[in-house]
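Please read the structure below before turning to the comments.
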Amino acid sequence: MRWPFILSVLMVVMNICMYFVNLKAGMWFTLFVVIYILAACFLYYSKRPLVVNELITFATEYGQVQKHLIQELAIPYAVLDSQGKVLWVNEEFTRVTGKDKQYRKSVTTIFPELTLERLPKNEEETDIYVKLEDRDFRAHIKNVCIDELIQNSEMLNTDIKGYFLHALYLFDETELNRYIRKYEEETMVSGLLYLDNYDEALESVEEVRRSLLAALIDRKINKYFSDLDGLVKKFEKDKYILVMRRKSLEELKEKRFDILEDVKTINIGNEMAVTISMGIGTSAGTFNKNSEYARIAIDLALGRGGDQVVLKDGEKIQYFGGKTQAVEKNTRVKARVKAHALKEFMSSKDKVVVMGHRLPDVDSFGASIGIYRAAKTLNKKAYIVIDNPTSSVKPLMAGFLDNQDYEPDMFVNCHEAKEIVDENTLLAVVDTNKPSYTECEELLYMTRTIVVLDHHRQGSEVIRNSILSYIEPYASSACEMVAEILQYFTEGIRIRNVEADSIYAGIMIDTDNFMQKTGVRTFEAAAFLRRCGADVTRVRKLFREDMNDYRARGETIRNAELFRGAFAISECPSDYVESPTVVGAQAANELLNIVGVKASFVLTEYKGVIYISARAIDEVNVQIIMERMGGGGHLNIAGCQLETIGMEEAKNLLKSTLTEMQDGGEI
């Protein structure tokens with residue numbers, strides 16, 4: 001309504017200009033301008049109240065319509081205060097939740113998932129998925145600032161700043177989720193099933209009954225998977241391919257793959273129970289990729305000793321079973337093949353660098369010495385990487401450092417090793433297959449010729465760029481494997497007494513003086529080392545402890561607590577012990593001598609890292625417990641390392657893991 005006044009200014013300017021053109025015309029135009037301005041004033045002051053009233057009426061009616069629309073909005077809608085209390089709801093919200101419009105309690109009484117901590121802060125908005133009875137909802141919550149409303153209100157006198165209301169919208173996604181679940185359940189999953197000890201099991205039964213044993217195995221496997229609407233196809237005498245739906249896989253997971261135990265029940269006089277390994281791949285996006293995942297999974301299952309299932313679900317890897325000890329192979333063909341391959345690789349390189357795991361133990365050191373001897377037999381320059389020798393290793397190292405038969409640079413630290421390793425270097429990794437556990441991980445990326453020798457079960461973290469990988473979980477120690485390799489490495493290999501002592505010591509430590517995890521080949525390797533000059537008396541002297549270590553071990557045992565009546569948990573002191581991790585491992589072994597203890601766990605804090613040594617005899621698989629906490633090892637000997645947490649937090653984590661796995665039937 002102000003436009004006529006604005007235009008009158010333009011007309012006055014035009015009137016002044018007309019006086020310069022014609023005086024009479026200017027006078028007449030002045031008369032019209034005055035009449036125009038008077039008319040504009042009259043219309044403004046007479047019609048303005050009418051227009052304002054019409055605008056107010058329209059706004060009021062529009063607000064009522066808007067309120068009515070929100071009230072009958074097909075989407076459930078509610079307004080919450082800053083503490084999550086319900087202030088207002090529309091009709092659809094009351095219909096969905098069953099609450100009336102006067103409901104003024106916290107929204108958590110309707111949706112427990114909508115806690116105060118999860119509500120958005122400031123001007124944020126968020127989506128939270130909630131359930132109400134058998135329906136799924138996506139709760140979209142948006143913050144609305146009411147500062148300006150409060151400040152402009154004449155009825156409220158407050159200095160509150162930053163006050164927000166929560167606008168809550170509920171979107172029903174029950175049908176969508178149902179179709180998503182149906183799609184996922186119908187997704188195809190591929191897998192591979194191998195019989196671990198098919199030949200050995202057949203040999204343990206009469207020849208006329210072997211076909212019956214094979215038929216019973218086939219029948220058991222085919223019936224088990226046909227009941228789950230799965231397809232099994234045999235493509236070799238001891239290998240099967242599996243195809244099933246994701247829904248069937250979930251049923252298998254709920255049963256924890258009890259086919260592993262069912263197959264062992266087949267007995268028609270065979271002395272050895274049949275065990276199977278399975279590798280399953282899923283969530284790869286394509287059938288071809290799922291098949292590749294299954295191949296990776298079965299390789300991992302076999303590398304971990306068999307009698308288990310490895311599920312590769314995208315990037316996530318899960319393990320099931322693996323509760324029995326790996327069966328020792330009677331044949332040494334594999335050791336001979338690996339020895340010849342190692343010799344070929346060494347012959348093609350100028351230098352050999354050997355490293356074990358961080359905080360090396362006697363097994364790691366002895367295996368390194370064995371590979372060092374193999375390299376020297378080929379007249380290759382060889383080095384052993386040891387950054388921080390432990391108290392258990394120092395007595396063995398002294399026999400080489402003070403010996404003129406060995407080069408002064410036989411042992412190097414990480415910094416020196418980085419200067420040595422190049423593309424013409426063979427890097428041998430012993431007693432570990434995890435890159436993060438090696439003495440110097442950077443060396444793995446400085447050469448392409450990497451050899452891995454280990455007796456620990458493989459996990460999801462492996463050294464992937466190795467050209468030769470010899471991992472046998474049934475072996476008692478890395479030293480046993482190296483002793484076998486040395487027998488086939490070259491004719492008449494000469495192992496010096498101090499070297500034989502170191503390798504023999506590694507076997508003794510890892511078998512707890514030949515009391516655990518020993519097989520025929522363990523004693524054969526020990527006999528070979530005895531023939532090479534290993535002396536039991538010298539080795540025993542090397543293992544003598546100082547008073548502080550002995551006292552620390554006794555204190556660890558004295559302070560042990562029995563958790564859930566079966567798990568001994570204790571803390572090893574580290575303030576007055578040179579190598580507390582070694583003492584902790586020894587204490588864990590001794591705790592198994594207590595009646596009722598199924599597994600022992602000793603926690604040691606060393607240089608800001610919590611080391612856990614886990615031991616068991618035969619009732620508990622400590623490997624899967626340590627794997628759950630980021631570590632690994634064997635069924636009876638395992639461990640893990642926890643960083644960035646304290647001792648009490650580590651104990652609580654261990655206890656919660658044990659509780660969860662025991663209640664879930666995993667141990």
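Scheme for the structure tokens: letters A, B, ... for chains in order shown; per-chain residue numbers from 1; ligand numbers from 1 in order shown.
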List every residue of segment 88-187 of chain A that DSSP, applied to the backbone of this structure, assigns to strand (DSSP E or B), and report them as a count of residues only.
-> 31
Which neighbours of Ala568 of chain A fall inside 6 Å, counting only C-alpha atoms, when residues of the same chain fewer than 6 positions from it are skipped, and could you give them as an NGL selection string?
-> :A and (561-562 or 600)
With only C-alpha atoms as the atoms that count, which of A:Arg531, A:Arg521, A:Lys394, A:Lys598 lies nearest to Phe543 of chain A?
-> A:Lys394
For Met346 of chain A, work out the shell of residues within 9 Å, counting only C-alpha atoms and skipping chain neighbours fewer than 3 positions away, then give it as a PyMOL selection string.
-> chain A and resi 341-343+349-352+374-375+378+380+425-426
Same residues, N, CA and C atoms, saved as a PDB file, in the first residue's frame:
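result-v9.pdb, written as the output of this step:
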ATOM      1  N   ALA A 341      62.905 -76.684  -1.064  1.00  0.00           N
ATOM      2  CA  ALA A 341      62.488 -75.373  -1.578  1.00  0.00           C
ATOM      3  C   ALA A 341      63.249 -74.255  -0.875  1.00  0.00           C
ATOM      4  N   LEU A 342      63.421 -74.378   0.457  1.00  0.00           N
ATOM      5  CA  LEU A 342      64.170 -73.371   1.207  1.00  0.00           C
ATOM      6  C   LEU A 342      65.609 -73.296   0.713  1.00  0.00           C
ATOM      7  N   LYS A 343      66.207 -74.448   0.440  1.00  0.00           N
ATOM      8  CA  LYS A 343      67.586 -74.470  -0.056  1.00  0.00           C
ATOM      9  C   LYS A 343      67.696 -73.765  -1.400  1.00  0.00           C
ATOM     10  N   LYS A 349      70.042 -66.194  -3.335  1.00  0.00           N
ATOM     11  CA  LYS A 349      70.211 -64.886  -2.693  1.00  0.00           C
ATOM     12  C   LYS A 349      71.597 -64.787  -2.067  1.00  0.00           C
ATOM     13  N   ASP A 350      72.053 -63.552  -1.859  1.00  0.00           N
ATOM     14  CA  ASP A 350      73.381 -63.310  -1.283  1.00  0.00           C
ATOM     15  C   ASP A 350      73.359 -63.296   0.237  1.00  0.00           C
ATOM     16  N   LYS A 351      72.248 -62.837   0.817  1.00  0.00           N
ATOM     17  CA  LYS A 351      72.174 -62.680   2.271  1.00  0.00           C
ATOM     18  C   LYS A 351      70.898 -63.329   2.800  1.00  0.00           C
ATOM     19  N   VAL A 352      70.977 -63.761   4.058  1.00  0.00           N
ATOM     20  CA  VAL A 352      69.817 -64.335   4.739  1.00  0.00           C
ATOM     21  C   VAL A 352      69.651 -63.607   6.070  1.00  0.00           C
ATOM     22  N   ALA A 374      71.571 -73.284   8.489  1.00  0.00           N
ATOM     23  CA  ALA A 374      71.283 -73.691   7.110  1.00  0.00           C
ATOM     24  C   ALA A 374      71.899 -72.712   6.118  1.00  0.00           C
ATOM     25  N   ALA A 375      71.817 -71.405   6.420  1.00  0.00           N
ATOM     26  CA  ALA A 375      72.392 -70.393   5.530  1.00  0.00           C
ATOM     27  C   ALA A 375      73.915 -70.495   5.487  1.00  0.00           C
ATOM     28  N   LEU A 378      75.395 -73.062   3.226  1.00  0.00           N
ATOM     29  CA  LEU A 378      75.470 -72.655   1.810  1.00  0.00           C
ATOM     30  C   LEU A 378      76.439 -71.494   1.605  1.00  0.00           C
ATOM     31  N   LYS A 380      76.394 -68.529   2.901  1.00  0.00           N
ATOM     32  CA  LYS A 380      75.692 -67.249   2.747  1.00  0.00           C
ATOM     33  C   LYS A 380      75.919 -66.388   3.990  1.00  0.00           C
ATOM     34  N   THR A 425      67.968 -60.202  -0.664  1.00  0.00           N
ATOM     35  CA  THR A 425      68.012 -60.800   0.669  1.00  0.00           C
ATOM     36  C   THR A 425      66.827 -61.732   0.861  1.00  0.00           C
ATOM     37  N   LEU A 426      67.089 -62.904   1.463  1.00  0.00           N
ATOM     38  CA  LEU A 426      65.999 -63.797   1.854  1.00  0.00           C
ATOM     39  C   LEU A 426      65.689 -63.513   3.325  1.00  0.00           C
TER      40      LEU A 426
END
Would you list the contacts of Glu91 of chain A as a VMD selection string, taking every protein, DNA or RNA residue within 10 Å and counting only C-alpha atoms, but skipping same-chain residues closer than 4 positions in sequence?
-> chain A and resid 70 to 78 95 to 96 99 to 101
Surrounding residues of His456 of chain A excluding itself and chain neighbours under 2 positions, 12 Å, only C-alpha atoms, as a PyMOL selection string | chain A and resi 303-305+326+357+363-364+430-434+452-454+458-459+462+470-478+481+510+623+631-639
Compile the contact shell of Phe29 of chain A as a PyMOL selection string: residues with an atom at most 10 Å away, counting only C-alpha atoms, same-chain residues fewer than 5 positions apart removed.
-> chain A and resi 11-12+14-16+18-19+23-24+34-35
I'd like a table as JSON lines: residues in segment 531-628 of chain A with an atom no more than 12 Å from segment 502-509 of chain A, each row giving the shortest atom pair and its distance in Å to one decimal, only C-alpha atoms counted, sorted by chain and rising residue number.
{"residue": "A:Arg531", "atom": "CA", "partner": "A:Tyr504", "partner_atom": "CA", "distance": 11.2}
{"residue": "A:Cys532", "atom": "CA", "partner": "A:Tyr504", "partner_atom": "CA", "distance": 10.3}
{"residue": "A:Gly533", "atom": "CA", "partner": "A:Tyr504", "partner_atom": "CA", "distance": 10.0}
{"residue": "A:Ala534", "atom": "CA", "partner": "A:Tyr504", "partner_atom": "CA", "distance": 6.7}
{"residue": "A:Asp535", "atom": "CA", "partner": "A:Tyr504", "partner_atom": "CA", "distance": 8.6}
{"residue": "A:Val536", "atom": "CA", "partner": "A:Tyr504", "partner_atom": "CA", "distance": 8.4}
{"residue": "A:Thr537", "atom": "CA", "partner": "A:Ala505", "partner_atom": "CA", "distance": 10.9}
{"residue": "A:Arg538", "atom": "CA", "partner": "A:Ala505", "partner_atom": "CA", "distance": 9.7}
{"residue": "A:Val539", "atom": "CA", "partner": "A:Ala505", "partner_atom": "CA", "distance": 6.1}
{"residue": "A:Arg540", "atom": "CA", "partner": "A:Ala505", "partner_atom": "CA", "distance": 8.5}
{"residue": "A:Lys541", "atom": "CA", "partner": "A:Ala505", "partner_atom": "CA", "distance": 10.8}
{"residue": "A:Leu542", "atom": "CA", "partner": "A:Ala505", "partner_atom": "CA", "distance": 8.8}
{"residue": "A:Phe543", "atom": "CA", "partner": "A:Ala505", "partner_atom": "CA", "distance": 8.7}
{"residue": "A:Val582", "atom": "CA", "partner": "A:Ile509", "partner_atom": "CA", "distance": 10.9}
{"residue": "A:Ala585", "atom": "CA", "partner": "A:Ile509", "partner_atom": "CA", "distance": 10.6}
{"residue": "A:Gln586", "atom": "CA", "partner": "A:Ile509", "partner_atom": "CA", "distance": 9.6}
{"residue": "A:Asn589", "atom": "CA", "partner": "A:Ile509", "partner_atom": "CA", "distance": 10.8}
Please indicate the distance in Å from atom CA of Arg558 of chain A to atom CA of Leu658 of chain A, rounded to one decimal place.
->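 Here the two named atoms are 21.7 Å from each other.
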Tell me, in Å to one decimal, how far atom CA of Lys220 of chain A is from atom CA of Ala301 of chain A.
-> 20.8 Å
